[in-house]
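Novice: File name entry.cif; file contents mmCIF, C-alpha atoms; full text below.
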data_upload
#
loop_
_atom_site.label_atom_id
_atom_site.label_comp_id
_atom_site.auth_asym_id
_atom_site.auth_seq_id
_atom_site.Cartn_x
_atom_site.Cartn_y
_atom_site.Cartn_z
CA GLY X 14 193.24 -31.82 -29.72
CA ALA X 15 195.87 -33.41 -27.60
CA VAL X 16 195.18 -36.99 -26.64
CA VAL X 17 196.62 -39.34 -24.10
CA SER X 18 196.12 -42.99 -24.86
CA GLN X 19 196.33 -45.95 -22.51
CA HIS X 20 196.71 -49.57 -23.47
CA PRO X 21 195.26 -52.02 -22.73
CA SER X 22 191.89 -50.66 -21.72
CA ARG X 23 191.05 -53.94 -19.97
CA VAL X 24 193.31 -56.73 -18.86
CA ILE X 25 192.82 -59.87 -16.82
CA CYS X 26 195.83 -61.62 -15.37
CA LYS X 27 196.51 -64.47 -13.00
CA SER X 28 197.79 -63.94 -9.48
CA GLY X 29 201.55 -63.87 -9.36
CA THR X 30 202.04 -62.65 -12.90
CA SER X 31 203.06 -59.19 -14.05
CA VAL X 32 201.15 -56.87 -16.31
CA LYS X 33 202.25 -53.74 -18.12
CA ILE X 34 200.07 -50.72 -18.88
CA GLU X 35 201.21 -48.13 -21.40
CA CYS X 36 200.45 -44.43 -21.44
CA ARG X 37 201.22 -42.45 -24.56
CA SER X 38 200.92 -38.78 -25.38
CA LEU X 39 199.90 -38.76 -29.03
CA ASP X 40 200.61 -35.24 -30.23
CA PHE X 41 202.77 -33.61 -27.61
CA GLN X 42 205.86 -34.34 -25.62
CA ALA X 43 205.26 -35.01 -21.97
CA THR X 44 208.20 -34.59 -19.65
CA THR X 45 205.92 -35.42 -16.76
CA MET X 46 203.26 -38.09 -16.54
CA PHE X 47 201.22 -39.20 -13.57
CA TRP X 48 199.72 -42.52 -12.55
CA TYR X 49 196.52 -42.68 -10.54
CA ARG X 50 194.46 -45.50 -9.14
CA GLN X 51 190.71 -45.28 -8.81
CA PHE X 52 188.65 -47.68 -6.74
CA PRO X 53 184.95 -48.06 -7.56
CA LYS X 54 182.90 -45.10 -6.42
CA GLN X 55 186.00 -43.42 -5.04
CA SER X 56 188.35 -40.69 -6.05
CA LEU X 57 191.59 -40.90 -7.97
CA MET X 58 194.59 -41.51 -5.78
CA LEU X 59 197.95 -40.39 -7.06
CA MET X 60 200.41 -43.27 -7.14
CA ALA X 61 203.48 -41.71 -8.64
CA THR X 62 204.90 -38.95 -10.77
CA SER X 63 206.86 -40.15 -13.76
CA ASN X 64 209.64 -37.93 -15.08
CA GLU X 65 211.23 -38.63 -18.43
CA GLY X 66 214.74 -39.91 -18.07
CA SER X 67 214.70 -40.18 -14.30
CA LYS X 68 213.24 -42.27 -11.53
CA ALA X 69 209.60 -41.91 -10.68
CA THR X 70 208.51 -40.22 -7.48
CA TYR X 71 206.16 -42.43 -5.52
CA GLU X 72 203.50 -41.32 -3.09
CA GLN X 73 203.62 -42.52 0.46
CA GLY X 74 202.31 -46.02 0.82
CA VAL X 75 202.85 -47.01 -2.81
CA GLU X 76 205.29 -49.89 -3.19
CA LYS X 77 207.84 -48.89 -5.79
CA ASP X 78 209.01 -52.48 -6.26
CA LYS X 79 205.48 -53.60 -6.99
CA PHE X 80 204.43 -50.77 -9.25
CA LEU X 81 207.32 -50.24 -11.61
CA ILE X 82 207.19 -47.06 -13.62
CA ASN X 83 209.35 -46.35 -16.63
CA HIS X 84 209.35 -43.10 -18.61
CA ALA X 85 211.95 -43.81 -21.25
CA SER X 86 210.73 -41.34 -23.85
CA LEU X 87 208.86 -38.06 -24.00
CA THR X 88 205.72 -39.78 -25.26
CA LEU X 89 205.61 -43.02 -23.31
CA SER X 90 205.35 -44.04 -19.68
CA THR X 91 204.66 -47.58 -18.54
CA LEU X 92 203.30 -48.96 -15.30
CA THR X 93 204.12 -52.58 -14.55
CA VAL X 94 202.23 -54.29 -11.76
CA THR X 95 204.54 -57.07 -10.61
CA SER X 96 203.44 -60.25 -8.85
CA ALA X 97 199.85 -59.13 -9.10
CA HIS X 98 197.35 -59.99 -6.38
CA PRO X 99 193.56 -59.76 -6.49
CA GLU X 100 193.70 -56.64 -4.31
CA ASP X 101 195.61 -54.92 -7.12
CA SER X 102 192.46 -55.11 -9.22
CA SER X 103 191.50 -51.54 -9.93
CA PHE X 104 191.15 -48.83 -12.53
CA TYR X 105 194.49 -47.25 -13.35
CA ILE X 106 194.59 -43.85 -15.02
CA CYS X 107 197.51 -41.93 -16.39
CA SER X 108 197.78 -38.26 -17.19
CA ALA X 109 200.36 -36.24 -19.04
CA ARG X 110 201.28 -32.61 -18.88
CA ASP X 111 201.53 -30.62 -22.09
CA GLY X 112 203.91 -27.85 -21.12
CA SER X 113 203.25 -25.82 -24.25
CA ARG X 114 199.54 -25.57 -23.39
CA ASN X 115 200.00 -25.71 -19.60
CA THR X 116 197.33 -28.37 -19.52
CA ILE X 117 197.07 -31.87 -18.14
CA TYR X 118 195.31 -34.54 -20.21
CA PHE X 119 194.03 -37.86 -18.94
CA GLY X 120 194.11 -41.25 -20.54
CA GLU X 121 191.04 -43.44 -20.90
CA GLY X 122 192.08 -45.64 -18.01
CA SER X 123 192.88 -49.32 -17.77
CA TRP X 124 190.82 -51.86 -15.89
CA LEU X 125 192.99 -54.49 -14.26
CA THR X 126 191.41 -57.64 -12.90
CA VAL X 127 193.64 -60.13 -11.11
CA VAL X 128 192.14 -63.59 -10.72
CA ALA M 11 197.09 -32.13 5.83
CA GLN M 12 196.20 -31.19 2.27
CA SER M 13 192.72 -32.30 1.29
CA VAL M 14 189.90 -31.69 -1.13
CA SER M 15 186.30 -32.10 -0.01
CA GLN M 16 183.26 -32.47 -2.19
CA HIS M 17 180.14 -32.21 -0.11
CA ASN M 18 177.62 -33.87 -2.34
CA HIS M 19 178.29 -37.47 -3.24
CA HIS M 20 175.09 -38.06 -5.19
CA VAL M 21 172.90 -35.41 -6.77
CA ILE M 22 169.70 -36.01 -8.72
CA LEU M 23 168.18 -33.16 -10.69
CA SER M 24 165.50 -32.73 -13.27
CA GLU M 25 166.39 -31.25 -16.62
CA ALA M 26 166.52 -27.44 -16.60
CA ALA M 27 167.21 -27.31 -12.88
CA SER M 28 170.17 -25.31 -11.65
CA LEU M 29 173.28 -27.06 -10.39
CA GLU M 30 175.81 -26.17 -7.76
CA LEU M 31 178.43 -28.66 -6.61
CA GLY M 32 180.52 -27.76 -3.61
CA CYS M 33 184.29 -28.08 -3.38
CA ASN M 34 186.46 -26.98 -0.47
CA TYR M 35 190.16 -27.45 -0.10
CA SER M 36 192.62 -27.39 2.71
CA TYR M 37 195.97 -26.22 1.41
CA GLY M 38 198.62 -23.82 2.53
CA GLY M 39 199.81 -21.32 -0.02
CA THR M 40 198.66 -20.58 -3.51
CA VAL M 41 196.72 -23.18 -5.41
CA ASN M 42 195.52 -24.08 -8.88
CA LEU M 43 191.96 -25.40 -9.03
CA PHE M 44 190.24 -27.70 -11.50
CA TRP M 45 186.93 -29.36 -12.21
CA TYR M 46 186.93 -32.56 -14.26
CA VAL M 47 184.01 -34.54 -15.59
CA GLN M 48 183.88 -38.26 -16.31
CA TYR M 49 180.97 -39.33 -18.49
CA PRO M 50 179.92 -42.98 -18.27
CA GLY M 51 182.52 -45.14 -19.96
CA GLN M 52 184.76 -42.23 -20.87
CA HIS M 53 187.95 -40.71 -19.57
CA LEU M 54 188.32 -37.62 -17.44
CA GLN M 55 187.84 -34.34 -19.26
CA LEU M 56 188.72 -30.88 -18.04
CA LEU M 57 185.68 -28.66 -17.51
CA LEU M 58 187.49 -25.58 -16.30
CA LYS M 59 190.49 -24.42 -14.32
CA TYR M 60 191.56 -21.48 -12.23
CA PHE M 61 195.14 -20.32 -11.95
CA SER M 62 194.82 -16.60 -11.25
CA GLY M 63 192.86 -13.50 -12.24
CA ASP M 64 189.08 -13.30 -12.39
CA PRO M 65 187.77 -15.66 -9.72
CA LEU M 66 184.72 -16.46 -11.83
CA VAL M 67 185.84 -18.99 -14.38
CA LYS M 68 183.81 -20.11 -17.36
CA GLY M 69 184.34 -23.55 -18.77
CA ILE M 70 182.96 -25.77 -21.46
CA LYS M 71 179.33 -26.83 -21.86
CA GLY M 72 177.96 -23.86 -19.91
CA PHE M 73 179.72 -24.65 -16.64
CA GLU M 74 181.31 -22.04 -14.46
CA ALA M 75 183.03 -22.00 -11.09
CA GLU M 76 183.82 -19.32 -8.57
CA PHE M 77 186.98 -19.24 -6.51
CA ILE M 78 186.33 -17.73 -3.09
CA LYS M 79 189.68 -17.51 -1.40
CA SER M 80 188.32 -16.59 2.03
CA LYS M 81 186.16 -19.70 2.02
CA PHE M 82 188.73 -21.99 0.40
CA SER M 83 186.00 -22.93 -2.04
CA PHE M 84 185.67 -23.53 -5.77
CA ASN M 85 182.05 -24.43 -6.39
CA LEU M 86 180.85 -25.58 -9.79
CA ARG M 87 177.64 -24.18 -11.24
CA LYS M 88 175.41 -24.51 -14.24
CA PRO M 89 172.15 -22.55 -14.61
CA SER M 90 170.22 -25.26 -16.45
CA VAL M 91 171.34 -28.88 -16.60
CA GLN M 92 170.64 -31.30 -19.39
CA TRP M 93 170.26 -35.06 -19.40
CA SER M 94 173.66 -35.27 -21.10
CA ASP M 95 175.28 -33.73 -18.01
CA THR M 96 174.79 -37.02 -16.17
CA ALA M 97 178.32 -37.88 -15.11
CA GLU M 98 180.82 -37.99 -12.27
CA TYR M 99 182.34 -34.62 -11.36
CA PHE M 100 185.69 -34.26 -9.65
CA CYS M 101 187.23 -31.21 -8.06
CA ALA M 102 191.02 -31.20 -8.03
CA VAL M 103 193.69 -28.98 -6.53
CA ASN M 104 197.40 -28.66 -6.74
CA ALA M 105 199.69 -26.42 -4.82
CA ARG M 106 201.33 -23.96 -7.15
CA ASN M 107 205.08 -24.31 -7.53
CA SER M 108 205.05 -27.84 -6.13
CA GLY M 109 204.65 -29.90 -9.24
CA TYR M 110 201.69 -30.73 -11.39
CA ALA M 111 200.17 -33.73 -9.66
CA LEU M 112 196.53 -33.24 -8.75
CA ASN M 113 194.79 -34.03 -5.49
CA PHE M 114 191.22 -35.08 -6.25
CA GLY M 115 188.05 -34.90 -4.23
CA LYS M 116 185.95 -38.04 -3.90
CA GLY M 117 183.68 -36.98 -6.73
CA THR M 118 180.00 -36.18 -7.09
CA SER M 119 177.74 -38.40 -9.10
CA LEU M 120 175.15 -36.32 -10.95
CA LEU M 121 172.04 -37.89 -12.43
CA VAL M 122 169.83 -35.67 -14.54
CA THR M 123 166.36 -37.05 -15.16
CA PRO M 124 164.23 -36.10 -18.15
#
Please rewrite the model in this file as structure tokens.

Specialist:
Amino acid sequence: GAVVSQHPSRVICKSGTSVKIECRSLDFQATTMFWYRQFPKQSLMLMATSNEGSKATYEQGVEKDKFLINHASLTLSTLTVTSAHPEDSSFYICSARDGSRNTIYFGEGSWLTVV
Amino acid sequence: AQSVSQHNHHVILSEAASLELGCNYSYGGTVNLFWYVQYPGQHLQLLLKYFSGDPLVKGIKGFEAEFIKSKFSFNLRKPSVQWSDTAEYFCAVNARNSGYALNFGKGTSLLVTP
């Protein structure tokens, strides 16, 4: 079946550095991808909607200059956490919409730890 | 404001017991409704979804959910749980014709004991 893959699954970075997380749709083209953040024992919070070939739409309270989203192709969206701080440590999950099946698939998630 | 509420945060059941997890939403207009499951160490998987039609929706692994419009509810049920159903369950909603982003409830952690 359709699969959405995230990479890396776990990453540790130093404060002040930037880290990029990739989200790929493996067997379908995704014009729309979504980035969520999940804190331990809490729900997924939508960060932004990523549209292929255009700027991402950010949710209120999400800093667009800190969480850079690029959706340059129909199978790849990237989330770059810039100037990372320890409070950015979290579980980041992407999802992608398969229009042909009218279904949304989720990636495996990426654990980010900022030290 | 739009919101999704899951009433039970932690549920512990014995195998073969029946399960019902509550989900209520606060949305104006027509909605699409989803239940996702997250098994330990795995990614979110779709259990079932409701877009329109029969309000009783059957999903994978013996799960079903009933959309009751008058109660703004979409409760998840399973007649007899198994140990392998131990997981986190999330109800999600999106407003139809307003994009495909999902608004998730806080989740319910289900532990099924042998």

Novice: Would you list which chain X residues are within 8 Å of chain M using all atoms listed in the file, as a PDB file with C-alpha atoms, in the frame of the given file?

Specialist:
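See selection_22.pdb below for the written result:
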ATOM      1  CA  PHE X  47     201.220 -39.200 -13.570  1.00  0.00           C
ATOM      2  CA  GLN X  55     186.000 -43.420  -5.040  1.00  0.00           C
ATOM      3  CA  SER X  56     188.350 -40.690  -6.050  1.00  0.00           C
ATOM      4  CA  LEU X  57     191.590 -40.900  -7.970  1.00  0.00           C
ATOM      5  CA  MET X  58     194.590 -41.510  -5.780  1.00  0.00           C
ATOM      6  CA  LEU X  59     197.950 -40.390  -7.060  1.00  0.00           C
ATOM      7  CA  THR X  62     204.900 -38.950 -10.770  1.00  0.00           C
ATOM      8  CA  ARG X 110     201.280 -32.610 -18.880  1.00  0.00           C
ATOM      9  CA  TYR X 118     195.310 -34.540 -20.210  1.00  0.00           C
ATOM     10  CA  PHE X 119     194.030 -37.860 -18.940  1.00  0.00           C
ATOM     11  CA  GLY X 120     194.110 -41.250 -20.540  1.00  0.00           C
ATOM     12  CA  GLU X 121     191.040 -43.440 -20.900  1.00  0.00           C
ATOM     13  CA  GLY X 122     192.080 -45.640 -18.010  1.00  0.00           C
TER      14      GLY X 122
END

Novice: I would like the residues chosen by the PyMOL selection byres ((chain M and resi 69-81) around 12) on the shown file; could you give them as a ChimeraX atom specification?

Specialist: /M:28-47,55-68,82-92,94-95,99,101,103

Novice: Once 3 Å is added on each side, what are the centre and the three edge lengths, in Å to one decimal, of the axis-aligned box enclosing the listed atoms of range 49-53 of chain M? Present them as AutoDock Vina command-line options.

Specialist:
--center_x 183.9 --center_y -42.2 --center_z -19.6 --size_x 14.0 --size_y 11.8 --size_z 8.6

Novice: Selection in question (the file shown): the PyMOL selection byres ((chain X and resi 39) around 6). Which residues does it include, as a count of residues only?

Specialist: 5

Novice: For range 75-80 of chain X, work out the shell of residues within 12 Å, counting all atoms listed in the file and skipping chain neighbours fewer than 4 positions away, then give it as a list in words.

Specialist: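 Close residues of range 75-80 of chain X: Gly29, Thr30, Ser31, Val32, Lys33, Ile34, Trp48, Tyr49, Arg50, Met58, Leu59, Met60, Ala61, Thr62, Ser63, Lys68, Ala69, Thr70, Tyr71, Thr91, Leu92, Thr93, Val94, Thr95, Ser96, Ala97, His98, Asp101 and Tyr105 of chain X.
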
Novice: Mind pulling up the distance from CA of Phe104 in chain X to CA of Gln51 in chain X?

Specialist: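 If I compute the distance from CA of Gln51 in chain X to CA of Phe104 in chain X, I get 5.2 Å.
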
Novice: Grab the CA of Pro53 in chain X to CA of Val127 in chain X distance for me, in Å with one decimal place.

Specialist: 15.3 Å

Novice: May I have the protein, DNA and RNA residues with any atom at most 8 Å from the point (176.9, -38.2, -21.5), counting all atoms listed in the file, written as a PDB file with C-alpha atoms, in the coordinates of the input?

Specialist:
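As written to disk, part08.pdb reads:
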ATOM      1  CA  TYR M  49     180.970 -39.330 -18.490  1.00  0.00           C
ATOM      2  CA  PRO M  50     179.920 -42.980 -18.270  1.00  0.00           C
ATOM      3  CA  TRP M  93     170.260 -35.060 -19.400  1.00  0.00           C
ATOM      4  CA  SER M  94     173.660 -35.270 -21.100  1.00  0.00           C
ATOM      5  CA  ASP M  95     175.280 -33.730 -18.010  1.00  0.00           C
ATOM      6  CA  THR M  96     174.790 -37.020 -16.170  1.00  0.00           C
ATOM      7  CA  ALA M  97     178.320 -37.880 -15.110  1.00  0.00           C
TER       8      ALA M  97
END

Novice: Nearest to Ser22 in chain X among X:Ser113, X:Thr44, X:Ser103, X:Asn83, with distances taken over only C-alpha atoms: which residue is it?

Specialist: X:Ser103

Novice: Apply the PyMOL selection byres ((chain X and resi 125) around 6) to the structure shown and report the selected residues as a list in words.

Specialist: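 Given this file, the PyMOL selection byres ((chain X and resi 125) around 6) evaluates to Val24, Ile25, Ser102, Ser103, Trp124 and Thr126 of chain X.
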
Novice: CA of Thr45 in chain X and CA of Pro99 in chain X are how many Å apart?

Specialist: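 One can read the CA of Thr45 in chain X to CA of Pro99 in chain X distance as 29.2 Å.
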
Novice: Using only C-alpha atoms, find the one residue out of X:Thr88, X:Thr116, X:Ser123, X:Ser108 that sits nearest to Phe41 in chain X.

Specialist: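 Of the candidates, the smallest distance to Phe41 in chain X is held by X:Thr88.
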
Novice: Because the input lacks atoms here, generate N, CA, C and O atoms for range 33-45 of chain X and report them as a PDB file, in the coordinates of the input.

Specialist:
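This is the output file result_30.pdb:
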ATOM      1  N   LYS X  33     201.746 -55.068 -17.784  1.00  0.00           N
ATOM      2  CA  LYS X  33     202.250 -53.740 -18.120  1.00  0.00           C
ATOM      3  C   LYS X  33     201.143 -52.912 -18.756  1.00  0.00           C
ATOM      4  O   LYS X  33     200.432 -53.380 -19.642  1.00  0.00           O
ATOM      5  N   ILE X  34     201.022 -51.669 -18.309  1.00  0.00           N
ATOM      6  CA  ILE X  34     200.070 -50.720 -18.880  1.00  0.00           C
ATOM      7  C   ILE X  34     200.864 -49.567 -19.480  1.00  0.00           C
ATOM      8  O   ILE X  34     201.768 -49.030 -18.839  1.00  0.00           O
ATOM      9  N   GLU X  35     200.505 -49.209 -20.711  1.00  0.00           N
ATOM     10  CA  GLU X  35     201.210 -48.130 -21.400  1.00  0.00           C
ATOM     11  C   GLU X  35     200.384 -46.853 -21.419  1.00  0.00           C
ATOM     12  O   GLU X  35     199.163 -46.894 -21.537  1.00  0.00           O
ATOM     13  N   CYS X  36     201.086 -45.745 -21.347  1.00  0.00           N
ATOM     14  CA  CYS X  36     200.450 -44.430 -21.440  1.00  0.00           C
ATOM     15  C   CYS X  36     201.242 -43.618 -22.452  1.00  0.00           C
ATOM     16  O   CYS X  36     202.445 -43.400 -22.276  1.00  0.00           O
ATOM     17  N   ARG X  37     200.552 -43.185 -23.498  1.00  0.00           N
ATOM     18  CA  ARG X  37     201.220 -42.450 -24.560  1.00  0.00           C
ATOM     19  C   ARG X  37     200.582 -41.084 -24.773  1.00  0.00           C
ATOM     20  O   ARG X  37     199.363 -40.951 -24.781  1.00  0.00           O
ATOM     21  N   SER X  38     201.413 -40.079 -24.943  1.00  0.00           N
ATOM     22  CA  SER X  38     200.920 -38.780 -25.380  1.00  0.00           C
ATOM     23  C   SER X  38     201.045 -38.777 -26.902  1.00  0.00           C
ATOM     24  O   SER X  38     202.118 -39.028 -27.443  1.00  0.00           O
ATOM     25  N   LEU X  39     199.939 -38.538 -27.589  1.00  0.00           N
ATOM     26  CA  LEU X  39     199.900 -38.760 -29.030  1.00  0.00           C
ATOM     27  C   LEU X  39     200.357 -37.562 -29.862  1.00  0.00           C
ATOM     28  O   LEU X  39     200.848 -37.734 -30.976  1.00  0.00           O
ATOM     29  N   ASP X  40     200.191 -36.368 -29.389  1.00  0.00           N
ATOM     30  CA  ASP X  40     200.610 -35.240 -30.230  1.00  0.00           C
ATOM     31  C   ASP X  40     201.350 -34.172 -29.448  1.00  0.00           C
ATOM     32  O   ASP X  40     201.401 -33.017 -29.867  1.00  0.00           O
ATOM     33  N   PHE X  41     201.918 -34.562 -28.311  1.00  0.00           N
ATOM     34  CA  PHE X  41     202.770 -33.610 -27.610  1.00  0.00           C
ATOM     35  C   PHE X  41     203.795 -34.391 -26.801  1.00  0.00           C
ATOM     36  O   PHE X  41     203.636 -35.580 -26.554  1.00  0.00           O
ATOM     37  N   GLN X  42     204.828 -33.714 -26.428  1.00  0.00           N
ATOM     38  CA  GLN X  42     205.860 -34.340 -25.620  1.00  0.00           C
ATOM     39  C   GLN X  42     205.581 -34.071 -24.149  1.00  0.00           C
ATOM     40  O   GLN X  42     205.328 -32.928 -23.762  1.00  0.00           O
ATOM     41  N   ALA X  43     205.601 -35.107 -23.386  1.00  0.00           N
ATOM     42  CA  ALA X  43     205.260 -35.010 -21.970  1.00  0.00           C
ATOM     43  C   ALA X  43     206.469 -35.341 -21.112  1.00  0.00           C
ATOM     44  O   ALA X  43     206.840 -36.513 -20.982  1.00  0.00           O
ATOM     45  N   THR X  44     207.068 -34.322 -20.546  1.00  0.00           N
ATOM     46  CA  THR X  44     208.200 -34.590 -19.650  1.00  0.00           C
ATOM     47  C   THR X  44     207.717 -35.172 -18.335  1.00  0.00           C
ATOM     48  O   THR X  44     208.481 -35.839 -17.633  1.00  0.00           O
ATOM     49  N   THR X  45     206.466 -34.917 -18.007  1.00  0.00           N
ATOM     50  CA  THR X  45     205.920 -35.420 -16.760  1.00  0.00           C
ATOM     51  C   THR X  45     204.604 -36.135 -17.004  1.00  0.00           C
ATOM     52  O   THR X  45     203.720 -35.605 -17.675  1.00  0.00           O
TER      53      THR X  45
END
